[in-house]
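Note sheet for the following structure.
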Amino acid sequence: MSPDWALMRHILVLLASNDGLADAELAELTCATTAEVRQAARILYHQRKLDRCWDYNVLPARARRERRAA
């Protein structure tokens, strides 16, 4: 299964406007399955573009600071 780059961009946009979202919430907002969201979140985590705790996703502290400065 190849990564869904559009889904990953959509997840980052959603997280930028929220404090954090669970995998199920992201799946509902993106019309994707929870499995697809989890795969995308794992890739984004390894790229250090989001942080995960269980099935909850947030932007890393560095990204939040950059977002406020812009």
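Ligands are numbered from 1 in the order shown, residues from 1 within each chain, and chains are lettered A, B, ... in the order they appear in the structure tokens.
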
Excluding Tyr56 in chain A and its own-chain neighbours fewer than 5 positions away, which residues fall within 10 Å of it when counting only C-alpha atoms? Please give them as a ChimeraX atom specification. /A:20-26,41,51

Give me, as a list in words, all polymer residues having an atom no more than 12 Å from Ile43 in chain A, counting only C-alpha atoms and skipping those fewer than 4 positions away in the same chain.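 Returned residues: Ser2, Pro3, Asp4, Trp5, Leu7, Met8, Arg9, Ile11, Leu12, Glu36, Val37, Arg38, Gln39, Gln47, Arg48, Lys49, Leu50, Asp51 and Arg52 of chain A.
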
Go through A:Ala35, A:Val13, A:Ala27, A:Asp19 one by one, measure the shortest atom-to-atom distance of each to Asn57 in chain A using only C-alpha atoms, and give the residue with the smallest value.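 Closest residue, counting only C-alpha atoms: A:Asp19.
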
What's around His10 in chain A at 8 Å? Count only C-alpha atoms, leave out sequence neighbours fewer than 4 positions away in its own chain, and write the answer as a ChimeraX atom specification. /A:6,14,30

Grab the residues selected above and save them as a PDB file, in the first residue's frame with N, CA and C atoms.
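Now in again_6.pdb:
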ATOM      1  N   ALA A   6      -1.775  13.154  -0.392  1.00  0.00           N
ATOM      2  CA  ALA A   6      -2.846  14.142  -0.232  1.00  0.00           C
ATOM      3  C   ALA A   6      -3.480  14.029   1.152  1.00  0.00           C
ATOM      4  N   LEU A  14      -5.438  20.051   8.991  1.00  0.00           N
ATOM      5  CA  LEU A  14      -6.417  19.921  10.076  1.00  0.00           C
ATOM      6  C   LEU A  14      -5.769  20.103  11.447  1.00  0.00           C
ATOM      7  N   THR A  30     -11.584  13.482   7.130  1.00  0.00           N
ATOM      8  CA  THR A  30     -10.938  13.306   5.826  1.00  0.00           C
ATOM      9  C   THR A  30     -11.650  12.301   4.941  1.00  0.00           C
TER      10      THR A  30
END

Output as a count of residues only all residues of chain A that backbone DSSP marks as alpha helix (DSSP H). 42

Backbone DSSP call of strand (DSSP E or B) for chain A, listed as a PyMOL selection string: chain A and resi 21-22+51-53+56-58

Dump of N, CA and C atoms for the selected residues, as an mmCIF file, in the first residue's frame:
data_model
loop_
_atom_site.group_PDB
_atom_site.id
_atom_site.type_symbol
_atom_site.label_atom_id
_atom_site.label_comp_id
_atom_site.auth_asym_id
_atom_site.auth_seq_id
_atom_site.Cartn_x
_atom_site.Cartn_y
_atom_site.Cartn_z
ATOM 1 N N LEU A 21 -6.077 15.900 17.349
ATOM 2 C CA LEU A 21 -7.228 15.098 16.947
ATOM 3 C C LEU A 21 -6.875 13.619 17.041
ATOM 4 N N ALA A 22 -7.842 12.822 17.412
ATOM 5 C CA ALA A 22 -7.672 11.371 17.454
ATOM 6 C C ALA A 22 -7.754 10.814 16.032
ATOM 7 N N ASP A 51 3.358 14.556 16.263
ATOM 8 C CA ASP A 51 3.626 13.708 17.423
ATOM 9 C C ASP A 51 2.374 12.902 17.706
ATOM 10 N N ARG A 52 2.592 11.681 18.211
ATOM 11 C CA ARG A 52 1.478 10.780 18.519
ATOM 12 C C ARG A 52 1.584 10.292 19.953
ATOM 13 N N CYS A 53 0.441 10.152 20.579
ATOM 14 C CA CYS A 53 0.337 9.497 21.871
ATOM 15 C C CYS A 53 -0.880 8.593 21.773
ATOM 16 N N TYR A 56 -3.802 9.605 19.408
ATOM 17 C CA TYR A 56 -4.039 11.041 19.402
ATOM 18 C C TYR A 56 -2.877 11.721 18.700
ATOM 19 N N ASN A 57 -3.151 12.689 17.845
ATOM 20 C CA ASN A 57 -2.144 13.339 17.024
ATOM 21 C C ASN A 57 -2.119 14.838 17.280
ATOM 22 N N VAL A 58 -0.916 15.389 17.381
ATOM 23 C CA VAL A 58 -0.716 16.832 17.536
ATOM 24 C C VAL A 58 0.484 17.242 16.692
#

Length of the CA of Ala40 in chain A to CA of Leu15 in chain A vector [Å]: 13.2 Å
